[in-house]
$ cat protein30.txt   # compact mmCIF, C-alpha atoms and all ligand atoms
# COMPACT_ATOMS: atom_id res chain seq x y z
CA MET J 1 98.43 98.86 98.12
CA ARG J 2 97.39 102.40 97.29
CA LEU J 3 95.24 104.27 99.80
CA GLU J 4 92.97 107.08 98.75
CA VAL J 5 90.67 109.17 100.87
CA SER J 6 88.47 111.78 99.28
CA GLY J 7 86.19 114.43 100.71
CA ILE J 8 86.30 113.05 104.25
CA VAL J 9 84.21 115.00 106.75
CA LYS J 10 83.81 113.89 110.37
CA ARG J 11 81.89 115.81 113.03
CA PHE J 12 81.61 115.13 116.74
CA GLY J 13 78.60 117.17 117.94
CA GLY J 14 79.62 120.77 117.28
CA VAL J 15 83.26 119.93 116.50
CA THR J 16 84.31 119.35 112.89
CA ALA J 17 87.36 117.08 113.32
CA LEU J 18 87.84 116.54 109.56
CA ASN J 19 86.66 119.18 107.17
CA GLY J 20 87.07 117.77 103.66
CA VAL J 21 90.29 115.74 103.50
CA ASP J 22 91.65 114.47 100.17
CA LEU J 23 94.79 112.36 100.25
CA ALA J 24 96.40 109.53 98.31
CA VAL J 25 99.24 107.38 99.65
CA GLU J 26 100.96 105.65 96.78
CA GLU J 27 101.93 101.99 96.91
CA GLY J 28 105.10 101.58 98.99
CA GLU J 29 105.07 105.22 100.08
CA PHE J 30 105.72 106.47 103.61
CA LEU J 31 103.40 109.42 104.13
CA THR J 32 103.28 111.39 107.36
CA ILE J 33 100.37 113.35 108.75
CA LEU J 34 101.88 116.15 110.77
CA GLY J 35 99.87 118.61 112.77
CA PRO J 36 99.27 120.16 116.18
CA SER J 37 97.10 118.59 118.85
CA GLY J 38 93.45 118.54 117.84
CA SER J 39 94.11 119.04 114.12
CA GLY J 40 92.34 115.77 113.24
CA LYS J 41 95.25 113.37 112.69
CA THR J 42 93.92 110.51 114.81
CA THR J 43 90.41 110.92 113.48
CA LEU J 44 91.77 110.59 109.93
CA LEU J 45 93.73 107.47 110.87
CA LYS J 46 90.69 105.95 112.58
CA SER J 47 88.57 106.61 109.50
CA VAL J 48 91.15 104.77 107.40
CA ALA J 49 91.41 101.92 109.92
CA GLY J 50 87.64 101.50 110.23
CA PHE J 51 87.27 102.67 113.86
CA GLU J 52 85.32 105.74 112.81
CA VAL J 53 82.79 106.06 110.01
CA PRO J 54 83.09 109.42 108.26
CA ASP J 55 79.97 111.56 107.80
CA GLU J 56 80.99 112.24 104.23
CA GLY J 57 83.62 111.02 101.80
CA VAL J 58 85.18 107.79 100.62
CA VAL J 59 88.10 105.59 101.75
CA ARG J 60 89.60 103.35 99.06
CA LEU J 61 92.21 100.63 99.50
CA GLY J 62 93.48 99.50 96.14
CA ASP J 63 90.37 99.46 93.96
CA GLN J 64 88.02 98.69 96.84
CA ASP J 65 85.71 101.15 98.57
CA VAL J 66 86.14 100.30 102.27
CA THR J 67 84.39 103.34 103.75
CA MET J 68 81.79 101.20 105.52
CA ALA J 69 83.86 98.03 105.95
CA PRO J 70 84.54 96.98 109.55
CA ALA J 71 88.16 97.27 110.74
CA ARG J 72 88.75 93.50 110.72
CA HIS J 73 87.96 93.31 107.01
CA ARG J 74 90.45 95.98 105.97
CA ASN J 75 93.75 94.07 106.15
CA VAL J 76 95.45 96.94 107.92
CA GLY J 77 98.31 96.70 110.44
CA MET J 78 98.43 99.25 113.25
CA VAL J 79 100.91 100.41 115.87
CA PHE J 80 99.94 102.85 118.61
CA GLN J 81 101.90 104.87 121.12
CA ASN J 82 100.97 102.64 124.05
CA TYR J 83 102.18 99.31 122.56
CA ALA J 84 98.80 97.59 123.10
CA LEU J 85 100.34 94.13 123.42
CA PHE J 86 98.39 91.39 125.18
CA PRO J 87 100.02 91.43 128.63
CA HIS J 88 99.30 87.77 129.47
CA LEU J 89 100.68 86.41 126.17
CA THR J 90 104.35 85.85 125.40
CA VAL J 91 106.04 87.70 122.55
CA ALA J 92 105.64 84.66 120.27
CA GLU J 93 101.96 84.30 121.25
CA ASN J 94 101.36 88.01 120.62
CA LEU J 95 102.85 87.60 117.15
CA ALA J 96 100.86 84.43 116.47
CA PHE J 97 97.56 86.10 117.38
CA PRO J 98 96.76 87.92 114.12
CA LEU J 99 97.63 84.76 112.20
CA GLN J 100 95.35 82.60 114.38
CA MET J 101 92.55 85.10 113.75
CA ARG J 102 93.10 84.49 110.04
CA SER J 103 93.06 80.70 110.49
CA VAL J 104 96.65 80.22 109.37
CA GLY J 105 97.97 76.66 109.98
CA LYS J 106 100.18 75.87 112.98
CA ALA J 107 103.37 75.10 111.06
CA GLU J 108 103.00 78.25 108.97
CA ILE J 109 102.42 80.32 112.12
CA ALA J 110 105.61 78.94 113.70
CA ARG J 111 107.57 79.77 110.56
CA ARG J 112 106.23 83.30 110.26
CA VAL J 113 106.68 84.09 113.97
CA LYS J 114 110.32 83.03 113.70
CA GLU J 115 110.76 85.17 110.60
CA ALA J 116 109.08 88.21 112.20
CA LEU J 117 111.21 87.88 115.34
CA ALA J 118 114.33 87.88 113.19
CA LEU J 119 113.06 90.89 111.26
CA VAL J 120 112.90 93.02 114.42
CA GLU J 121 115.93 91.32 115.98
CA LEU J 122 114.08 89.84 118.93
CA ASP J 123 114.85 86.15 118.30
CA ALA J 124 115.99 85.66 121.88
CA PHE J 125 112.83 87.14 123.40
CA ALA J 126 110.13 84.82 122.05
CA GLU J 127 109.11 83.41 125.43
CA ARG J 128 109.11 86.64 127.41
CA LEU J 129 106.01 88.48 128.53
CA PRO J 130 105.60 92.13 127.43
CA ARG J 131 106.30 93.42 130.97
CA GLN J 132 109.70 91.71 130.83
CA LEU J 133 110.68 93.89 127.85
CA SER J 134 111.86 97.50 127.58
CA GLY J 135 109.61 100.08 125.94
CA GLY J 136 111.62 99.94 122.70
CA GLN J 137 111.47 96.14 122.58
CA GLN J 138 107.72 96.18 123.21
CA GLN J 139 107.30 98.61 120.36
CA ARG J 140 109.29 96.34 118.06
CA VAL J 141 106.99 93.47 119.00
CA ALA J 142 104.00 95.72 118.25
CA LEU J 143 105.52 96.52 114.87
CA ALA J 144 106.21 92.86 114.09
CA ARG J 145 102.63 91.98 115.08
CA ALA J 146 101.30 94.70 112.78
CA ILE J 147 103.12 93.38 109.72
CA ILE J 148 103.23 89.60 110.32
CA PHE J 149 100.04 88.94 108.35
CA GLY J 150 101.18 90.90 105.30
CA PRO J 151 98.83 93.91 105.60
CA ALA J 152 97.88 96.02 102.61
CA LEU J 153 98.52 99.13 104.67
CA LEU J 154 100.46 100.03 107.82
CA LEU J 155 99.12 102.71 110.15
CA LEU J 156 101.41 104.16 112.79
CA ASP J 157 99.95 106.52 115.40
CA GLU J 158 102.76 108.30 117.29
CA PRO J 159 104.51 104.94 117.80
CA PHE J 160 107.65 106.47 119.33
CA GLY J 161 105.86 108.96 121.58
CA ALA J 162 106.61 107.11 124.82
CA LEU J 163 110.28 106.40 124.10
CA ASP J 164 113.34 108.39 125.05
CA ARG J 165 115.14 110.34 122.35
CA LYS J 166 117.96 107.93 121.56
CA LEU J 167 115.69 104.94 121.33
CA ARG J 168 113.23 106.93 119.25
CA GLU J 169 115.94 107.81 116.75
CA SER J 170 117.16 104.24 116.35
CA LEU J 171 113.59 102.92 116.00
CA GLN J 172 112.79 105.60 113.41
CA LEU J 173 115.59 104.25 111.25
CA GLU J 174 114.61 100.65 111.90
CA VAL J 175 110.98 101.22 110.95
CA ARG J 176 111.97 103.06 107.80
CA ARG J 177 114.36 100.29 106.75
CA LEU J 178 111.73 97.65 107.31
CA GLN J 179 109.05 99.66 105.53
CA ARG J 180 111.29 100.14 102.50
CA ARG J 181 112.35 96.52 102.43
CA LEU J 182 108.76 95.27 102.55
CA ARG J 183 107.48 98.11 100.34
CA LEU J 184 104.67 98.73 102.77
CA THR J 185 102.27 101.57 102.06
CA THR J 186 102.43 103.48 105.34
CA LEU J 187 100.47 106.29 106.95
CA PHE J 188 102.31 107.71 109.92
CA ILE J 189 101.05 110.22 112.46
CA THR J 190 103.18 112.55 114.48
CA HIS J 191 103.17 116.03 115.92
CA ASP J 192 106.99 116.03 115.90
CA GLN J 193 108.15 117.96 112.84
CA GLU J 194 111.72 116.72 113.07
CA GLU J 195 110.53 113.11 113.00
CA ALA J 196 108.33 113.89 110.00
CA LEU J 197 111.22 115.48 108.10
CA ILE J 198 113.54 112.54 108.80
CA MET J 199 111.18 109.69 107.98
CA SER J 200 108.79 110.66 105.24
CA ASP J 201 108.57 110.38 101.47
CA ARG J 202 105.89 113.05 101.73
CA ILE J 203 104.33 115.06 104.53
CA ALA J 204 100.74 116.26 104.82
CA VAL J 205 100.58 119.19 107.22
CA MET J 206 97.18 119.33 108.94
CA ASP J 207 95.45 122.10 110.80
CA LYS J 208 91.83 122.49 111.81
CA GLY J 209 90.68 119.32 110.08
CA ARG J 210 92.22 120.17 106.73
CA ILE J 211 95.43 119.42 104.88
CA GLN J 212 97.25 122.72 104.60
CA GLN J 213 100.15 121.47 102.48
CA LEU J 214 101.22 118.18 100.94
CA GLY J 215 104.75 117.73 99.66
CA THR J 216 108.18 116.21 100.12
CA PRO J 217 110.04 117.17 103.31
CA SER J 218 112.16 119.71 101.43
CA GLU J 219 109.12 121.22 99.70
CA VAL J 220 107.28 121.87 102.95
CA TYR J 221 110.46 123.05 104.67
CA ASP J 222 111.78 125.33 101.93
CA PHE J 223 108.54 126.44 100.30
CA PRO J 224 105.78 126.55 102.92
CA VAL J 225 102.48 127.72 101.44
CA SER J 226 101.38 129.62 104.53
CA ARG J 227 102.57 131.26 107.68
CA PHE J 228 101.15 128.36 109.68
CA VAL J 229 103.22 125.76 107.80
CA ALA J 230 106.36 127.93 107.91
CA ASP J 231 105.99 128.35 111.63
CA PHE J 232 105.03 124.76 112.41
CA ILE J 233 107.87 123.12 110.49
CA GLY J 234 111.35 123.89 111.70
CA GLU J 235 112.50 127.11 113.26
CA SER J 236 111.78 130.22 111.30
CA ASN J 237 112.36 133.93 111.08
CA LEU J 238 109.22 135.44 109.63
CA ILE J 239 110.05 138.96 108.57
CA GLU J 240 107.41 141.50 107.63
CA GLY J 241 108.37 143.63 104.65
CA THR J 242 106.72 145.82 102.04
CA ALA J 243 106.84 145.00 98.33
CA GLN J 244 106.68 147.36 95.39
CA GLY J 245 107.36 145.73 92.06
CA THR J 246 110.31 143.40 92.51
CA GLU J 247 111.68 145.49 95.39
CA VAL J 248 110.99 144.47 98.95
CA TYR J 249 111.75 146.87 101.75
CA VAL J 250 112.85 145.06 104.91
CA PRO J 251 113.03 147.10 108.13
CA GLY J 252 116.62 147.39 109.32
CA PHE J 253 118.01 145.89 106.09
CA GLY J 254 116.94 148.22 103.31
CA ALA J 255 115.69 147.04 99.92
CA LEU J 256 116.06 143.61 98.37
CA THR J 257 115.39 142.85 94.70
CA LEU J 258 113.54 139.60 94.12
CA PRO J 259 113.58 137.63 90.85
CA GLN J 260 109.79 137.59 90.86
CA ALA J 261 107.52 140.35 92.06
CA PRO J 262 105.15 139.40 94.88
CA ALA J 263 101.84 141.23 95.16
CA SER J 264 102.53 144.87 96.09
CA GLY J 265 101.96 145.72 99.75
CA PRO J 266 102.89 143.84 102.91
CA VAL J 267 104.82 140.58 102.44
CA THR J 268 106.08 137.93 104.84
CA LEU J 269 109.57 136.59 104.19
CA LEU J 270 110.77 133.28 105.56
CA LEU J 271 114.45 133.18 106.48
CA ARG J 272 115.55 129.90 108.11
CA PRO J 273 118.05 130.38 110.96
CA GLU J 274 120.68 128.33 109.11
CA ALA J 275 120.34 130.59 106.03
CA LEU J 276 121.13 133.83 107.86
CA ARG J 277 124.73 134.88 107.13
CA LEU J 278 127.09 136.26 109.73
CA GLY J 279 130.38 138.13 109.83
CA ALA J 280 132.59 137.94 106.73
CA GLU J 281 129.96 135.94 104.83
CA ALA J 282 127.39 138.66 105.43
CA GLN J 283 129.62 141.42 104.05
CA ALA J 284 128.82 140.41 100.46
CA ALA J 285 125.09 139.90 101.05
CA PRO J 286 122.84 142.45 99.32
CA CYS J 287 120.73 142.90 102.47
CA ARG J 288 122.86 143.69 105.52
CA ALA J 289 122.55 145.11 109.00
CA GLN J 290 124.59 145.57 112.14
CA ALA J 291 123.11 143.47 114.92
CA THR J 292 123.66 142.93 118.63
CA VAL J 293 124.05 139.36 119.89
CA LEU J 294 121.36 138.98 122.55
CA GLU J 295 121.91 135.35 123.46
CA THR J 296 124.06 132.37 122.47
CA VAL J 297 122.94 128.78 123.02
CA PHE J 298 125.30 125.87 122.42
CA LEU J 299 123.59 122.84 120.92
CA GLY J 300 126.55 120.50 120.51
CA LEU J 301 126.91 120.36 116.75
CA SER J 302 125.65 123.87 116.23
CA VAL J 303 125.20 127.14 118.01
CA LYS J 304 122.08 129.27 118.03
CA LEU J 305 122.23 133.04 118.27
CA ARG J 306 119.44 135.49 119.00
CA LEU J 307 120.23 138.74 117.24
CA ARG J 308 118.78 142.24 117.26
CA PRO J 309 119.50 144.21 114.10
CA GLU J 310 119.33 148.00 114.37
CA GLY J 311 115.80 149.07 113.44
CA GLY J 312 114.79 145.51 112.46
CA PRO J 313 113.06 142.49 114.02
CA ASP J 314 114.89 140.04 116.30
CA LEU J 315 116.25 137.08 114.32
CA LEU J 316 117.54 133.59 115.04
CA ALA J 317 120.73 132.29 113.44
CA ARG J 318 122.08 128.76 113.60
CA LEU J 319 125.73 128.07 112.78
CA PRO J 320 127.35 124.66 112.45
CA LEU J 321 130.10 124.12 115.00
CA ARG J 322 133.16 121.88 114.92
CA PRO J 323 135.20 121.19 118.02
CA SER J 324 138.10 123.24 116.60
CA ASP J 325 135.93 126.28 115.82
CA PRO J 326 136.50 129.41 117.91
CA PRO J 327 133.48 130.48 119.94
CA PRO J 328 131.14 132.79 117.98
CA ALA J 329 130.69 136.41 119.05
CA PRO J 330 129.96 136.84 122.77
CA ASP J 331 126.63 138.18 124.03
CA GLY J 332 126.47 141.95 123.63
CA ALA J 333 128.88 142.01 120.66
CA THR J 334 127.99 143.71 117.38
CA VAL J 335 128.12 141.58 114.23
CA THR J 336 127.23 142.07 110.59
CA ILE J 337 124.32 139.90 109.47
CA GLY J 338 122.75 139.60 106.07
CA PHE J 339 120.90 137.61 103.46
CA ALA J 340 120.41 137.37 99.71
CA PRO J 341 117.23 136.77 97.64
CA GLY J 342 118.15 133.07 97.40
CA ASP J 343 118.12 132.76 101.21
CA ILE J 344 114.49 133.74 101.55
CA HIS J 345 111.08 132.49 100.52
CA VAL J 346 108.08 134.76 100.17
CA VAL J 347 105.31 133.14 102.20
CA PRO J 348 101.96 133.34 100.43
CA ARG J 349 99.30 135.22 102.38
CA GLY J 350 96.19 133.31 103.25
P1 LIG B 1 96.39 114.79 119.17
O1 LIG B 1 97.70 115.06 118.52
O2 LIG B 1 96.18 115.58 120.43
O3 LIG B 1 96.06 113.34 119.31
P2 LIG B 1 94.78 114.94 116.75
O4 LIG B 1 95.35 115.82 115.71
O5 LIG B 1 94.97 113.47 116.61
O6 LIG B 1 95.26 115.42 118.18
P3 LIG B 1 91.99 114.28 116.87
O7 LIG B 1 92.15 113.34 118.02
O8 LIG B 1 91.73 113.70 115.54
O9 LIG B 1 93.23 115.27 116.79
O10 LIG B 1 90.82 115.28 117.25
C1 LIG B 1 90.32 116.31 116.38
C2 LIG B 1 89.18 117.04 117.06
O11 LIG B 1 88.06 116.19 117.21
C3 LIG B 1 89.52 117.53 118.47
O12 LIG B 1 88.91 118.79 118.66
C4 LIG B 1 88.91 116.50 119.37
O13 LIG B 1 88.57 117.04 120.62
C5 LIG B 1 87.69 116.07 118.57
N1 LIG B 1 87.33 114.65 118.84
C6 LIG B 1 88.06 113.56 118.48
N2 LIG B 1 87.43 112.43 118.83
C7 LIG B 1 86.28 112.79 119.44
C8 LIG B 1 85.18 112.07 120.04
N3 LIG B 1 85.14 110.75 120.06
N4 LIG B 1 84.17 112.80 120.57
C9 LIG B 1 84.18 114.16 120.53
N5 LIG B 1 85.17 114.89 119.98
C10 LIG B 1 86.21 114.22 119.45
$ encode --input "protein30.txt" --output "C-alpha cells"
Amino acid sequence: MRLEVSGIVKRFGGVTALNGVDLAVEEGEFLTILGPSGSGKTTLLKSVAGFEVPDEGVVRLGDQDVTMAPARHRNVGMVFQNYALFPHLTVAENLAFPLQMRSVGKAEIARRVKEALALVELDAFAERLPRQLSGGQQQRVALARAIIFGPALLLLDEPFGALDRKLRESLQLEVRRLQRRLRLTTLFITHDQEEALIMSDRIAVMDKGRIQQLGTPSEVYDFPVSRFVADFIGESNLIEGTAQGTEVYVPGFGALTLPQAPASGPVTLLLRPEALRLGAEAQAAPCRAQATVLETVFLGLSVKLRLRPEGGPDLLARLPLRPSDPPPAPDGATVTIGFAPGDIHVVPRG
C-alpha cells in the first residue's frame, strides 16, 4: 500500500525533531531514510507506526488518514535493532502471536507459521526459544513475525545494527529478496550510507528534521544537492574553486571548462575518489597536477591513496586492485593526477 506523509512537524519541548517532512513511499517500493544521529529518523518512523502523534501534518496509508489511529489499527509490521522477540515463547509461538491477536483460526495459524518459517529458512528452529538462536536467526524470526499477518507496510529501524558485517550483508540481501517477492511497501531506517546505497529503490537523506534530498541511490551519490549530502554519502573530495563564466579555476590544477556555467564566484566541486585519474590515465585529463603520495591503504579489492597536489588541496583516490596488479606508487612518490569535467559535479550552495 502507498504511504504518504505530508507536512509532519514534531516537537519535544524545545527540540524540533521533525520540521515539515513530506514523503511518499510508492506501493512495493523500498525507501530508506538515511541520516546522522538525531536527524529525526526514528521520530518519523514512530509517527508512521502510530507511536508518536505529530504536532502537525498528515499520515496516509492507501487512501486512509491514519494520523490519529492507534498503532494496532494501522496494519504495519515492524522490525527493530534489538529483535524484541518474546523471550519466553518459542519461535513458532512468537510467529503465531500477531495472528492470535487478529483472531485467526488455529489451523490457519499453523499453516502460516510453517510458511513463514520456510520463507526465512528457519523450518528446523520452530521449537527453540529466542535465546537459543544466534543474533541473525533472531532477526529473521523478527522479520517473519513482522510480515506473517500480511501488513500494508513494513517498517525497519536499523534492523542489522547489532549484527556483524558478514551476517549484516547476507541479511540485507535476504530482506531485499523477500521484500521484492512480497511486493511490500517498506520504510527502512539506517545511518549507514553503504547499506542505504545497496538496498534502496530511493533514499531520503535527512538532517535536522528535514529531508535534504530524495532520489535513487545513484542520484544522491552522483548529484548531491548540497555539501551535507555530498559529504554524508560516500567518500568525497570537495574542492573549492572559483567560477567565471564556464571556466572554473581550481587551485593546483588550473582552469577547467564546464559545459554549463555555474554562478560566478566561489564553487564547490565534488570529485569522488574513484573518479580521480592517476598516472598514464591522468596525462590526457584537461585538469592535471603533480602530486605526492602521502599515504597508501590497502582495502583488499581496492587501494586508497591520500595525495597532495602542488599548490592544491589534499585529495583521496581509490583504485581497483586485482591480485596480479603491481603495487601502486609508494608513499613519498610523485604521480600525475587529473580529472575531466565529466568526473566532477558542481555542488549547489545552500
Ligand atoms: P539516532 O540515529 O541516534 O536514533 P534519529 O535520527 O533516529 O537518531 P530521533 O531519535 O528521531 O533521531 O531524534 C530526533 C531529535 O528529537 C533528537 O534531538 C532527540 O534527542 C529528540 N527526541 C526524540 N525523542 C524524544 C523524546 N521522547 N523526548 C525528547 N526529545 C526527543
$ atom_distance --input "protein30.txt" --atom1 "atom CA of J:Leu321" --atom2 "atom CA of J:Ala333"
18.8 Å
$ residues_near_ligand --input "protein30.txt" --ligand "ligand LIG 1 (chain B)" --cutoff "10 Å" --atoms "only C-alpha atoms and all ligand atoms" --output "VMD selection string"
chain J and resid 10 to 18 33 to 47 52 157 to 158 189 to 192 206 to 209
$ closest_residue --input "protein30.txt" --among "J:Val48, J:Ile337, J:Leu316, J:Val225" --to "J:Phe253" --atoms "all atoms listed in the file"
J:Ile337
$ residues_near_point --input "protein30.txt" --point "(95.3, 107.0, 98.2)" --cutoff "7 Å" --atoms "all atoms listed in the file" --output "number ranges by chain"
J: 2-5, 23-26, 60
$ closest_atom_pairs --input "protein30.txt" --of "stretch 162-223 of chain J" --to "stretch 70-79 of chain J" --cutoff "12 Å" --atoms "only C-alpha atoms" --output "CSV"
residue,atom,partner,partner_atom,distance
J:Val175,CA,J:Val79,CA,11.2
J:Leu184,CA,J:Gly77,CA,10.2
J:Thr185,CA,J:Val76,CA,10.1
J:Thr186,CA,J:Gly77,CA,9.4
J:Leu187,CA,J:Met78,CA,9.7
J:Phe188,CA,J:Val79,CA,9.5
J:Ile189,CA,J:Val79,CA,10.4
$ write_last_selection --input "protein30.txt" --atoms "C-alpha atoms" --output "JSON list (two decimals), keeping the file's coordinate frame"
[["chain", "number", "residue", "atom", "x", "y", "z"],
["J", 175, "VAL", "CA", 110.98, 101.22, 110.95],
["J", 184, "LEU", "CA", 104.67, 98.73, 102.77],
["J", 185, "THR", "CA", 102.27, 101.57, 102.06],
["J", 186, "THR", "CA", 102.43, 103.48, 105.34],
["J", 187, "LEU", "CA", 100.47, 106.29, 106.95],
["J", 188, "PHE", "CA", 102.31, 107.71, 109.92],
["J", 189, "ILE", "CA", 101.05, 110.22, 112.46]]
$ closest_residue --input "protein30.txt" --among "J:Val248, J:Ala289, J:Leu85, J:Val347" --to "J:Phe228" --atoms "only C-alpha atoms"
J:Val347
$ closest_residue --input "protein30.txt" --among "J:Leu305, J:Val220, J:Ala340, J:Ala124" --to "J:Glu281" --atoms "only C-alpha atoms"
J:Ala340
